[in-house]
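Let me begin by presenting the structure, written as structure tokens, before commenting on it.
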Amino acid sequence: MNADVLIVGGGIQGCATAYQLARRGVSVLVVEKDYIARHASGVNAGGVRLIGRDLAEVPLSRQSMRMWHTLDEELEADTGFRAKGLINIAADDADIAALNDRQQKMQALGYDHERIISRDELRERLPFVDPTCVGGAMSELDGYAIPYKATNAFRLAAERHGATFLEGTELAGLRRIGEAWLAATSRGDISAGTIVNCAGAWADRVAAMIGDNVPLSHAAPMLMITARMPHFASPVVGAVSRQLSFKQFENGTVLIGGGAKGFADRAANRTRLDYAKLAQASRTAIEFFPIMAKASINRMWAGLEAYMPDNLPVIGPAVNADRAFHAFGFSAHGFQMGPVVGKVMADLVLTGASDFDLSAFRIDRYDRKVL
């Protein structure tokens with residue numbers, strides 16, 4: 001098998017990159033060892049969040065948010081995107097002080113998409129929030145999408161432009177032969193001019209095959225969803241200093257996250273739940289929304305996610321090989337950035353350059369420099 005570009009990993013980053021390349025006439029082949037959106041891109045909370053981003057991510061995230069607002073029309077599919085706004089709740093005055101400090105930094109850089117809201121506005125927008133909460137920060141642009149639907153919308157759009165996806169196909173090895181990469185897979189050898197590593201929690205292994213070492217770790221963030229409840233919360237909800245990710249869907253179910261992690265067994269390709277941490281996440285949800293004491297949990301799960309030490313992703317070219325690129329390590333907040341990362345990777349593959357400053361996302365940012 002042959003292709004101009006071989007993408008390793010069928011999450012939202014890999015599928016968006018495949019779409020952006022295929023629509024520009026590039027022959028693309030995506031290998032996924034399980035199935036599309038099997039891990040982080042299919043089982044995350046679906047937050048489409050610009051608020052609270054690391055300052056290095058804001059330019060990318062802003063562009064990605066613009067793309068989300070027209071993505072259904074572009075991909076000719078339902079991604080489940082809903083622009084409901086997102087509120088990070090301030091539980092006390094220390095949280096308000098932290099928000100004021102962040103707002104000063106944001107304004108100095110010309111960013112105005114986050115604004116601080118008062119206790120009264122918080123109560124107006126979230127009538128069932130605990131009355132002791134003192135305010136918060138809000139981004140009107142934010143919302144949520146359905147991860148599995150959004151990832152597969154990119155996949156189907158890429159296929160319409162000629163991309164090929166091989167599920168159940170594991171990468172076993174990579175060799176650079178002349179001007180091409182030879183990939184050994186469970187379905188035979190694949191020859192490609194360019195490799196793009198979007199392998200998520202397994203991306204450090206692919207990077208090592210390419211020749212780049214990276215301090216990637218992996219974990220299993222957990223989520224819970226309730227049975228249907230009367231509608232009480234329209235915006236997506238987070239918290240300034242507590243582990244809370246909270247949204248009520250249009251059908252009344254409530255998704256609860258916040259970063260509590262289960263047990264990740266990458267070698268066995270599976271996760272296990274930590275019920276003590278899930279119980280604490282439930283208590284946190286009740287503290288912020290007492291109505292949640294009446295909720296019945298319908299399902300709980302965890303996905304495998306890749307983390308970098310600074311919680312920033314790797315986006316950019318390989319440093320020890322030609323015609324190889326990386327997009328991984330999104331540290332449980334990469335779903336929203338999928339659309340723009342696909343464009344950035346396609347630009348890098350085709351032109352060697354990007355419209356964005358990617359220096360904060362270099363794969364070698366942890367390498368010791370020799371003076």
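Following the order of the structure tokens, chains are lettered A, B, ..., residues in each are numbered from 1, and ligands are numbered from 1.
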
Using only C-alpha atoms, what does the table of segment 305-360 of chain A residues within 10 Å of segment 214-227 of chain A look like, with each row giving the shortest atom pair and its distance in Å to one decimal, sorted by chain and ascending number, as CSV?
residue,atom,partner,partner_atom,distance
A:Glu305,CA,A:His218,CA,5.5
A:Ala306,CA,A:His218,CA,4.5
A:Tyr307,CA,A:Ser217,CA,5.2
A:Met308,CA,A:Leu216,CA,5.2
A:Pro309,CA,A:Pro215,CA,7.2
A:Pro313,CA,A:Leu216,CA,9.9
A:Val314,CA,A:Val214,CA,9.3
A:Phe328,CA,A:Leu216,CA,9.3
A:Gly329,CA,A:Leu216,CA,7.0
A:Ser331,CA,A:His218,CA,8.6
A:Ala332,CA,A:Pro221,CA,7.7

May I have the residues from that selection written out with all heavy atoms, as a compact mmCIF listing (two decimals), in the first residue's frame?
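Now in again.txt:
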# COMPACT_ATOMS: atom_id res chain seq x y z
N GLU A 305 -5.79 8.76 27.95
CA GLU A 305 -5.42 10.09 27.49
C GLU A 305 -3.92 10.30 27.69
O GLU A 305 -3.33 9.77 28.63
CB GLU A 305 -6.20 11.15 28.27
CG GLU A 305 -5.88 12.59 27.95
CD GLU A 305 -6.30 12.98 26.56
OE1 GLU A 305 -7.48 13.35 26.37
OE2 GLU A 305 -5.43 12.92 25.67
N ALA A 306 -3.31 11.07 26.78
CA ALA A 306 -1.87 11.36 26.85
C ALA A 306 -1.62 12.72 27.48
O ALA A 306 -2.33 13.69 27.19
CB ALA A 306 -1.27 11.33 25.44
N TYR A 307 -0.59 12.78 28.33
CA TYR A 307 -0.26 14.01 29.06
C TYR A 307 1.21 14.35 28.90
O TYR A 307 2.08 13.48 29.01
CB TYR A 307 -0.55 13.84 30.56
CG TYR A 307 -2.00 13.70 30.91
CD1 TYR A 307 -2.65 12.47 30.75
CD2 TYR A 307 -2.74 14.77 31.40
CE1 TYR A 307 -3.99 12.33 31.07
CE2 TYR A 307 -4.08 14.64 31.71
CZ TYR A 307 -4.70 13.42 31.55
OH TYR A 307 -6.03 13.27 31.86
N MET A 308 1.47 15.63 28.67
CA MET A 308 2.81 16.16 28.75
C MET A 308 3.03 16.79 30.12
O MET A 308 2.06 17.18 30.78
CB MET A 308 3.03 17.19 27.65
CG MET A 308 3.11 16.60 26.26
SD MET A 308 4.57 15.55 26.00
CE MET A 308 5.86 16.80 25.97
N PRO A 309 4.29 16.91 30.58
CA PRO A 309 4.53 17.46 31.93
C PRO A 309 3.97 18.86 32.14
O PRO A 309 3.55 19.21 33.26
CB PRO A 309 6.06 17.45 32.05
CG PRO A 309 6.49 16.35 31.14
CD PRO A 309 5.54 16.38 29.98
N PRO A 313 0.28 20.47 24.47
CA PRO A 313 0.48 19.41 23.49
C PRO A 313 1.80 19.54 22.75
O PRO A 313 2.51 20.55 22.85
CB PRO A 313 -0.69 19.59 22.53
CG PRO A 313 -1.01 21.04 22.61
CD PRO A 313 -0.76 21.43 24.04
N VAL A 314 2.12 18.51 22.00
CA VAL A 314 3.19 18.54 21.02
C VAL A 314 2.55 18.77 19.66
O VAL A 314 1.68 17.99 19.24
CB VAL A 314 3.99 17.22 21.01
CG1 VAL A 314 4.97 17.20 19.83
CG2 VAL A 314 4.74 17.04 22.33
N PHE A 328 0.11 15.44 19.39
CA PHE A 328 -0.34 14.55 20.46
C PHE A 328 -0.09 15.22 21.82
O PHE A 328 0.43 16.33 21.89
CB PHE A 328 0.38 13.20 20.39
CG PHE A 328 1.88 13.27 20.60
CD1 PHE A 328 2.42 13.32 21.87
CD2 PHE A 328 2.75 13.27 19.52
CE1 PHE A 328 3.79 13.39 22.07
CE2 PHE A 328 4.12 13.34 19.70
CZ PHE A 328 4.64 13.40 20.99
N GLY A 329 -0.46 14.52 22.87
CA GLY A 329 -0.21 15.01 24.23
C GLY A 329 -1.13 16.15 24.64
O GLY A 329 -0.71 17.06 25.36
N SER A 331 -3.42 16.33 26.77
CA SER A 331 -3.58 16.44 28.23
C SER A 331 -5.01 16.72 28.67
O SER A 331 -5.28 17.56 29.53
CB SER A 331 -2.63 17.52 28.76
OG SER A 331 -1.29 17.26 28.37
N ALA A 332 -5.95 16.01 28.04
CA ALA A 332 -7.37 16.03 28.41
C ALA A 332 -8.09 17.32 28.05
O ALA A 332 -9.17 17.59 28.56
CB ALA A 332 -7.57 15.71 29.90

Please list as a ChimeraX atom specification every residue within 7 Å of Gly173 of chain A, counting only C-alpha atoms and excluding residues in the same chain fewer than 2 positions away. /A:171,175,183-184,209

Please dump the current selection as an mmCIF file, in the first residue's frame; keep N, CA, C and O atoms.
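Wrote it out as selection08.cif, contents follow:
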data_model
loop_
_atom_site.group_PDB
_atom_site.id
_atom_site.type_symbol
_atom_site.label_atom_id
_atom_site.label_comp_id
_atom_site.auth_asym_id
_atom_site.auth_seq_id
_atom_site.Cartn_x
_atom_site.Cartn_y
_atom_site.Cartn_z
ATOM 1 N N LEU A 171 0.545 -0.181 14.092
ATOM 2 C CA LEU A 171 1.882 0.108 13.579
ATOM 3 C C LEU A 171 2.908 -0.682 14.385
ATOM 4 O O LEU A 171 2.953 -0.582 15.611
ATOM 5 N N ARG A 175 10.686 2.689 9.159
ATOM 6 C CA ARG A 175 12.051 2.856 8.652
ATOM 7 C C ARG A 175 12.053 3.914 7.571
ATOM 8 O O ARG A 175 11.128 3.994 6.766
ATOM 9 N N ALA A 183 6.362 1.696 6.639
ATOM 10 C CA ALA A 183 5.686 1.361 7.886
ATOM 11 C C ALA A 183 5.275 -0.100 7.877
ATOM 12 O O ALA A 183 4.565 -0.545 6.965
ATOM 13 N N ALA A 184 5.724 -0.838 8.858
ATOM 14 C CA ALA A 184 5.283 -2.224 9.033
ATOM 15 C C ALA A 184 4.031 -2.219 9.903
ATOM 16 O O ALA A 184 4.041 -1.673 11.013
ATOM 17 N N MET A 209 9.969 5.539 17.237
ATOM 18 C CA MET A 209 10.227 4.909 15.932
ATOM 19 C C MET A 209 10.745 5.937 14.929
ATOM 20 O O MET A 209 11.577 5.635 14.075
#

Identify, on the basis of only C-alpha atoms, every residue whose closest approach to Pro235 of chain A does not exceed 12 Å; exclude the query and any residue fewer than 3 positions from it along the same chain; express the result as JSON, numbers by chain. {"A": [47, 48, 49, 82, 83, 84, 85, 86, 87, 88, 89, 122, 124, 125, 126, 127, 129, 137, 138, 139, 140, 141, 142, 143, 144, 231, 232, 238, 245, 246, 247, 248, 249, 250, 254]}

I'd like the contact shell of Gly25 of chain A - 12 Å cut-off, only C-alpha atoms, skipping same-chain residues fewer than 2 positions apart - returned as a PDB file with all heavy atoms, in the first residue's frame.
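So out.pdb came out as:
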ATOM      1  N   ALA A   3       0.849   5.785  -0.021  1.00  0.00           N
ATOM      2  CA  ALA A   3       0.128   7.038   0.166  1.00  0.00           C
ATOM      3  C   ALA A   3       1.125   8.179   0.239  1.00  0.00           C
ATOM      4  O   ALA A   3       2.304   7.965   0.560  1.00  0.00           O
ATOM      5  CB  ALA A   3      -0.707   6.992   1.446  1.00  0.00           C
ATOM      6  N   ASP A   4       0.664   9.374  -0.078  1.00  0.00           N
ATOM      7  CA  ASP A   4       1.520  10.543   0.124  1.00  0.00           C
ATOM      8  C   ASP A   4       1.814  10.735   1.607  1.00  0.00           C
ATOM      9  O   ASP A   4       2.945  11.017   2.003  1.00  0.00           O
ATOM     10  CB  ASP A   4       0.840  11.805  -0.414  1.00  0.00           C
ATOM     11  CG  ASP A   4       0.656  11.785  -1.919  1.00  0.00           C
ATOM     12  OD1 ASP A   4       1.455  11.116  -2.612  1.00  0.00           O
ATOM     13  OD2 ASP A   4      -0.303  12.421  -2.413  1.00  0.00           O
ATOM     14  N   VAL A   5       0.752  10.598   2.428  1.00  0.00           N
ATOM     15  CA  VAL A   5       0.869  10.828   3.873  1.00  0.00           C
ATOM     16  C   VAL A   5       0.235   9.673   4.624  1.00  0.00           C
ATOM     17  O   VAL A   5      -0.905   9.275   4.328  1.00  0.00           O
ATOM     18  CB  VAL A   5       0.179  12.150   4.279  1.00  0.00           C
ATOM     19  CG1 VAL A   5       0.280  12.361   5.793  1.00  0.00           C
ATOM     20  CG2 VAL A   5       0.796  13.335   3.552  1.00  0.00           C
ATOM     21  N   ALA A  18      -6.418  14.307   8.324  1.00  0.00           N
ATOM     22  CA  ALA A  18      -6.737  13.564   7.106  1.00  0.00           C
ATOM     23  C   ALA A  18      -7.700  14.353   6.226  1.00  0.00           C
ATOM     24  O   ALA A  18      -7.540  14.434   4.998  1.00  0.00           O
ATOM     25  CB  ALA A  18      -7.332  12.205   7.458  1.00  0.00           C
ATOM     26  N   TYR A  19      -8.700  14.969   6.845  1.00  0.00           N
ATOM     27  CA  TYR A  19      -9.674  15.756   6.089  1.00  0.00           C
ATOM     28  C   TYR A  19      -9.001  16.942   5.401  1.00  0.00           C
ATOM     29  O   TYR A  19      -9.206  17.192   4.204  1.00  0.00           O
ATOM     30  CB  TYR A  19     -10.776  16.237   7.027  1.00  0.00           C
ATOM     31  CG  TYR A  19     -11.598  17.371   6.462  1.00  0.00           C
ATOM     32  CD1 TYR A  19     -12.457  17.170   5.384  1.00  0.00           C
ATOM     33  CD2 TYR A  19     -11.503  18.652   7.008  1.00  0.00           C
ATOM     34  CE1 TYR A  19     -13.200  18.220   4.861  1.00  0.00           C
ATOM     35  CE2 TYR A  19     -12.246  19.705   6.491  1.00  0.00           C
ATOM     36  CZ  TYR A  19     -13.082  19.488   5.420  1.00  0.00           C
ATOM     37  OH  TYR A  19     -13.815  20.526   4.899  1.00  0.00           O
ATOM     38  N   GLN A  20      -8.185  17.684   6.170  1.00  0.00           N
ATOM     39  CA  GLN A  20      -7.565  18.881   5.607  1.00  0.00           C
ATOM     40  C   GLN A  20      -6.599  18.537   4.471  1.00  0.00           C
ATOM     41  O   GLN A  20      -6.492  19.283   3.501  1.00  0.00           O
ATOM     42  CB  GLN A  20      -6.837  19.659   6.706  1.00  0.00           C
ATOM     43  CG  GLN A  20      -7.745  20.326   7.719  1.00  0.00           C
ATOM     44  CD  GLN A  20      -8.468  21.531   7.153  1.00  0.00           C
ATOM     45  OE1 GLN A  20      -8.178  22.014   6.059  1.00  0.00           O
ATOM     46  NE2 GLN A  20      -9.442  22.031   7.898  1.00  0.00           N
ATOM     47  N   LEU A  21      -5.899  17.429   4.588  1.00  0.00           N
ATOM     48  CA  LEU A  21      -4.989  17.020   3.514  1.00  0.00           C
ATOM     49  C   LEU A  21      -5.750  16.488   2.299  1.00  0.00           C
ATOM     50  O   LEU A  21      -5.455  16.856   1.152  1.00  0.00           O
ATOM     51  CB  LEU A  21      -4.022  15.958   4.031  1.00  0.00           C
ATOM     52  CG  LEU A  21      -2.916  16.451   4.966  1.00  0.00           C
ATOM     53  CD1 LEU A  21      -2.220  15.272   5.636  1.00  0.00           C
ATOM     54  CD2 LEU A  21      -1.895  17.300   4.200  1.00  0.00           C
ATOM     55  N   ALA A  22      -6.724  15.637   2.550  1.00  0.00           N
ATOM     56  CA  ALA A  22      -7.455  15.018   1.433  1.00  0.00           C
ATOM     57  C   ALA A  22      -8.197  16.051   0.605  1.00  0.00           C
ATOM     58  O   ALA A  22      -8.249  15.964  -0.626  1.00  0.00           O
ATOM     59  CB  ALA A  22      -8.414  13.955   1.966  1.00  0.00           C
ATOM     60  N   ARG A  23      -8.764  17.050   1.270  1.00  0.00           N
ATOM     61  CA  ARG A  23      -9.512  18.071   0.523  1.00  0.00           C
ATOM     62  C   ARG A  23      -8.597  18.919  -0.348  1.00  0.00           C
ATOM     63  O   ARG A  23      -9.059  19.628  -1.235  1.00  0.00           O
ATOM     64  CB  ARG A  23     -10.324  18.943   1.479  1.00  0.00           C
ATOM     65  CG  ARG A  23      -9.483  19.874   2.357  1.00  0.00           C
ATOM     66  CD  ARG A  23     -10.330  20.488   3.471  1.00  0.00           C
ATOM     67  NE  ARG A  23     -11.269  21.455   2.943  1.00  0.00           N
ATOM     68  CZ  ARG A  23     -11.056  22.785   2.930  1.00  0.00           C
ATOM     69  NH1 ARG A  23      -9.907  23.268   3.396  1.00  0.00           N
ATOM     70  NH2 ARG A  23     -11.953  23.604   2.451  1.00  0.00           N
ATOM     71  N   SER A  27      -3.064  12.228  -1.223  1.00  0.00           N
ATOM     72  CA  SER A  27      -3.503  10.867  -0.908  1.00  0.00           C
ATOM     73  C   SER A  27      -3.108  10.556   0.537  1.00  0.00           C
ATOM     74  O   SER A  27      -1.955  10.686   0.925  1.00  0.00           O
ATOM     75  CB  SER A  27      -2.883   9.853  -1.859  1.00  0.00           C
ATOM     76  OG  SER A  27      -1.502   9.729  -1.669  1.00  0.00           O
ATOM     77  N   VAL A  28      -4.098  10.169   1.329  1.00  0.00           N
ATOM     78  CA  VAL A  28      -3.934  10.001   2.776  1.00  0.00           C
ATOM     79  C   VAL A  28      -4.390   8.617   3.196  1.00  0.00           C
ATOM     80  O   VAL A  28      -5.451   8.139   2.759  1.00  0.00           O
ATOM     81  CB  VAL A  28      -4.746  11.056   3.555  1.00  0.00           C
ATOM     82  CG1 VAL A  28      -4.547  10.887   5.052  1.00  0.00           C
ATOM     83  CG2 VAL A  28      -4.357  12.463   3.125  1.00  0.00           C
ATOM     84  N   ALA A 158     -13.310  13.254   5.236  1.00  0.00           N
ATOM     85  CA  ALA A 158     -12.017  12.886   4.643  1.00  0.00           C
ATOM     86  C   ALA A 158     -12.202  11.779   3.602  1.00  0.00           C
ATOM     87  O   ALA A 158     -11.592  11.815   2.526  1.00  0.00           O
ATOM     88  CB  ALA A 158     -11.051  12.449   5.739  1.00  0.00           C
ATOM     89  N   GLU A 159     -13.036  10.796   3.931  1.00  0.00           N
ATOM     90  CA  GLU A 159     -13.277   9.702   2.980  1.00  0.00           C
ATOM     91  C   GLU A 159     -13.931  10.199   1.697  1.00  0.00           C
ATOM     92  O   GLU A 159     -13.617   9.701   0.603  1.00  0.00           O
ATOM     93  CB  GLU A 159     -14.129   8.621   3.646  1.00  0.00           C
ATOM     94  CG  GLU A 159     -13.361   7.809   4.676  1.00  0.00           C
ATOM     95  CD  GLU A 159     -14.220   6.735   5.321  1.00  0.00           C
ATOM     96  OE1 GLU A 159     -15.433   6.969   5.520  1.00  0.00           O
ATOM     97  OE2 GLU A 159     -13.672   5.670   5.652  1.00  0.00           O
ATOM     98  N   ARG A 160     -14.813  11.172   1.814  1.00  0.00           N
ATOM     99  CA  ARG A 160     -15.444  11.722   0.605  1.00  0.00           C
ATOM    100  C   ARG A 160     -14.409  12.368  -0.317  1.00  0.00           C
ATOM    101  O   ARG A 160     -14.608  12.435  -1.529  1.00  0.00           O
ATOM    102  CB  ARG A 160     -16.523  12.742   0.983  1.00  0.00           C
ATOM    103  CG  ARG A 160     -17.777  12.128   1.563  1.00  0.00           C
ATOM    104  CD  ARG A 160     -18.941  13.098   1.540  1.00  0.00           C
ATOM    105  NE  ARG A 160     -18.694  14.293   2.340  1.00  0.00           N
ATOM    106  CZ  ARG A 160     -18.966  14.395   3.642  1.00  0.00           C
ATOM    107  NH1 ARG A 160     -19.480  13.353   4.292  1.00  0.00           N
ATOM    108  NH2 ARG A 160     -18.730  15.514   4.286  1.00  0.00           N
ATOM    109  N   HIS A 161     -13.309  12.827   0.274  1.00  0.00           N
ATOM    110  CA  HIS A 161     -12.235  13.432  -0.523  1.00  0.00           C
ATOM    111  C   HIS A 161     -11.151  12.423  -0.878  1.00  0.00           C
ATOM    112  O   HIS A 161     -10.114  12.807  -1.427  1.00  0.00           O
ATOM    113  CB  HIS A 161     -11.631  14.609   0.231  1.00  0.00           C
ATOM    114  CG  HIS A 161     -12.507  15.819   0.295  1.00  0.00           C
ATOM    115  ND1 HIS A 161     -12.684  16.664  -0.778  1.00  0.00           N
ATOM    116  CD2 HIS A 161     -13.281  16.316   1.304  1.00  0.00           C
ATOM    117  CE1 HIS A 161     -13.514  17.644  -0.437  1.00  0.00           C
ATOM    118  NE2 HIS A 161     -13.892  17.457   0.811  1.00  0.00           N
ATOM    119  N   GLY A 162     -11.380  11.148  -0.578  1.00  0.00           N
ATOM    120  CA  GLY A 162     -10.470  10.117  -1.034  1.00  0.00           C
ATOM    121  C   GLY A 162      -9.551   9.505   0.003  1.00  0.00           C
ATOM    122  O   GLY A 162      -8.762   8.608  -0.326  1.00  0.00           O
ATOM    123  N   ALA A 163      -9.604   9.951   1.249  1.00  0.00           N
ATOM    124  CA  ALA A 163      -8.754   9.368   2.289  1.00  0.00           C
ATOM    125  C   ALA A 163      -9.192   7.942   2.593  1.00  0.00           C
ATOM    126  O   ALA A 163     -10.381   7.593   2.481  1.00  0.00           O
ATOM    127  CB  ALA A 163      -8.798  10.213   3.561  1.00  0.00           C
ATOM    128  N   ALA A 346      -1.818  20.034   8.241  1.00  0.00           N
ATOM    129  CA  ALA A 346      -1.838  20.017   6.781  1.00  0.00           C
ATOM    130  C   ALA A 346      -0.927  21.103   6.218  1.00  0.00           C
ATOM    131  O   ALA A 346      -0.194  20.879   5.241  1.00  0.00           O
ATOM    132  CB  ALA A 346      -3.264  20.197   6.266  1.00  0.00           C
ATOM    133  N   LEU A 350       2.365  20.388   3.866  1.00  0.00           N
ATOM    134  CA  LEU A 350       2.388  20.868   2.485  1.00  0.00           C
ATOM    135  C   LEU A 350       3.347  22.031   2.252  1.00  0.00           C
ATOM    136  O   LEU A 350       3.881  22.189   1.146  1.00  0.00           O
ATOM    137  CB  LEU A 350       0.977  21.275   2.060  1.00  0.00           C
ATOM    138  CG  LEU A 350      -0.029  20.122   1.987  1.00  0.00           C
ATOM    139  CD1 LEU A 350      -1.412  20.640   1.688  1.00  0.00           C
ATOM    140  CD2 LEU A 350       0.400  19.111   0.937  1.00  0.00           C
TER     141      LEU A 350
END

Just the residues within 6 Å of segment 185-199 of chain A, please, counting only C-alpha atoms, with nothing from its chain fewer than 6 positions along; format it as a JSON list (two decimals) with N, CA, C and O atoms, in the first residue's frame.
[["chain", "number", "residue", "atom", "x", "y", "z"],
["A", 1, "MET", "N", 0.85, -1.19, 0.00],
["A", 1, "MET", "CA", 0.00, 0.00, 0.00],
["A", 1, "MET", "C", 0.88, 1.25, 0.00],
["A", 1, "MET", "O", 1.95, 1.26, 0.62],
["A", 2, "ASN", "N", 0.41, 2.27, -0.66],
["A", 2, "ASN", "CA", 1.17, 3.52, -0.78],
["A", 2, "ASN", "C", 0.26, 4.71, -0.54],
["A", 2, "ASN", "O", -0.94, 4.66, -0.82],
["A", 3, "ALA", "N", 0.85, 5.79, -0.02],
["A", 3, "ALA", "CA", 0.13, 7.04, 0.17],
["A", 3, "ALA", "C", 1.13, 8.18, 0.24],
["A", 3, "ALA", "O", 2.30, 7.97, 0.56],
["A", 4, "ASP", "N", 0.66, 9.37, -0.08],
["A", 4, "ASP", "CA", 1.52, 10.54, 0.12],
["A", 4, "ASP", "C", 1.81, 10.73, 1.61],
["A", 4, "ASP", "O", 2.95, 11.02, 2.00],
["A", 5, "VAL", "N", 0.75, 10.60, 2.43],
["A", 5, "VAL", "CA", 0.87, 10.83, 3.87],
["A", 5, "VAL", "C", 0.23, 9.67, 4.62],
["A", 5, "VAL", "O", -0.91, 9.27, 4.33],
["A", 6, "LEU", "N", 0.97, 9.15, 5.60],
["A", 6, "LEU", "CA", 0.44, 8.14, 6.51],
["A", 6, "LEU", "C", 0.23, 8.79, 7.87],
["A", 6, "LEU", "O", 1.17, 9.34, 8.46],
["A", 7, "ILE", "N", -1.01, 8.74, 8.36],
["A", 7, "ILE", "CA", -1.35, 9.28, 9.68],
["A", 7, "ILE", "C", -1.54, 8.11, 10.62],
["A", 7, "ILE", "O", -2.30, 7.18, 10.33],
["A", 8, "VAL", "N", -0.88, 8.17, 11.76],
["A", 8, "VAL", "CA", -0.99, 7.12, 12.77],
["A", 8, "VAL", "C", -1.90, 7.63, 13.88],
["A", 8, "VAL", "O", -1.54, 8.56, 14.61],
["A", 9, "GLY", "N", -3.08, 7.04, 14.00],
["A", 9, "GLY", "CA", -4.02, 7.43, 15.04],
["A", 9, "GLY", "C", -5.30, 8.01, 14.48],
["A", 9, "GLY", "O", -5.27, 8.97, 13.70],
["A", 14, "GLY", "N", -6.08, 13.15, 14.23],
["A", 14, "GLY", "CA", -5.75, 12.40, 13.03],
["A", 14, "GLY", "C", -6.80, 12.53, 11.95],
["A", 14, "GLY", "O", -6.49, 12.69, 10.76],
["A", 169, "THR", "N", -5.64, -1.83, 12.73],
["A", 169, "THR", "CA", -4.34, -1.93, 12.07],
["A", 169, "THR", "C", -3.28, -1.26, 12.94],
["A", 169, "THR", "O", -3.28, -0.03, 13.09],
["A", 170, "GLU", "N", -2.41, -2.04, 13.51],
["A", 170, "GLU", "CA", -1.42, -1.51, 14.46],
["A", 170, "GLU", "C", -0.08, -1.30, 13.78],
["A", 170, "GLU", "O", 0.38, -2.13, 12.99],
["A", 171, "LEU", "N", 0.55, -0.18, 14.09],
["A", 171, "LEU", "CA", 1.88, 0.11, 13.58],
["A", 171, "LEU", "C", 2.91, -0.68, 14.39],
["A", 171, "LEU", "O", 2.95, -0.58, 15.61],
["A", 172, "ALA", "N", 3.75, -1.44, 13.68],
["A", 172, "ALA", "CA", 4.75, -2.26, 14.36],
["A", 172, "ALA", "C", 6.16, -1.70, 14.22],
["A", 172, "ALA", "O", 7.04, -1.99, 15.03],
["A", 323, "ARG", "N", 10.39, 14.83, 7.04],
["A", 323, "ARG", "CA", 9.04, 14.45, 6.60],
["A", 323, "ARG", "C", 8.30, 13.64, 7.65],
["A", 323, "ARG", "O", 7.63, 12.65, 7.36],
["A", 324, "ALA", "N", 8.41, 14.10, 8.90],
["A", 324, "ALA", "CA", 7.67, 13.50, 10.01],
["A", 324, "ALA", "C", 7.16, 14.62, 10.90],
["A", 324, "ALA", "O", 7.88, 15.60, 11.17],
["A", 325, "PHE", "N", 5.93, 14.47, 11.40],
["A", 325, "PHE", "CA", 5.28, 15.53, 12.17],
["A", 325, "PHE", "C", 4.51, 14.89, 13.33],
["A", 325, "PHE", "O", 4.11, 13.73, 13.26],
["A", 326, "HIS", "N", 4.30, 15.71, 14.37],
["A", 326, "HIS", "CA", 3.63, 15.22, 15.58],
["A", 326, "HIS", "C", 2.45, 16.11, 15.97],
["A", 326, "HIS", "O", 2.53, 17.34, 15.85],
["A", 327, "ALA", "N", 1.38, 15.49, 16.46],
["A", 327, "ALA", "CA", 0.26, 16.21, 17.09],
["A", 327, "ALA", "C", -0.33, 15.28, 18.14],
["A", 327, "ALA", "O", -1.15, 14.41, 17.84],
["A", 328, "PHE", "N", 0.11, 15.44, 19.39],
["A", 328, "PHE", "CA", -0.34, 14.55, 20.46],
["A", 328, "PHE", "C", -0.09, 15.22, 21.82],
["A", 328, "PHE", "O", 0.43, 16.33, 21.89]]

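For the choices A:Ala233, A:Leu60, A:Ala207, A:Ala45, the atom-to-atom distance to Asp364 of chain A is smallest for A:Ala207 when using only C-alpha atoms.
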
In Å, how far is it from atom CA of Ile256 of chain A to atom CA of Val341 of chain A?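 Answer for the atom CA of Ile256 of chain A to atom CA of Val341 of chain A separation: 26.5 Å.
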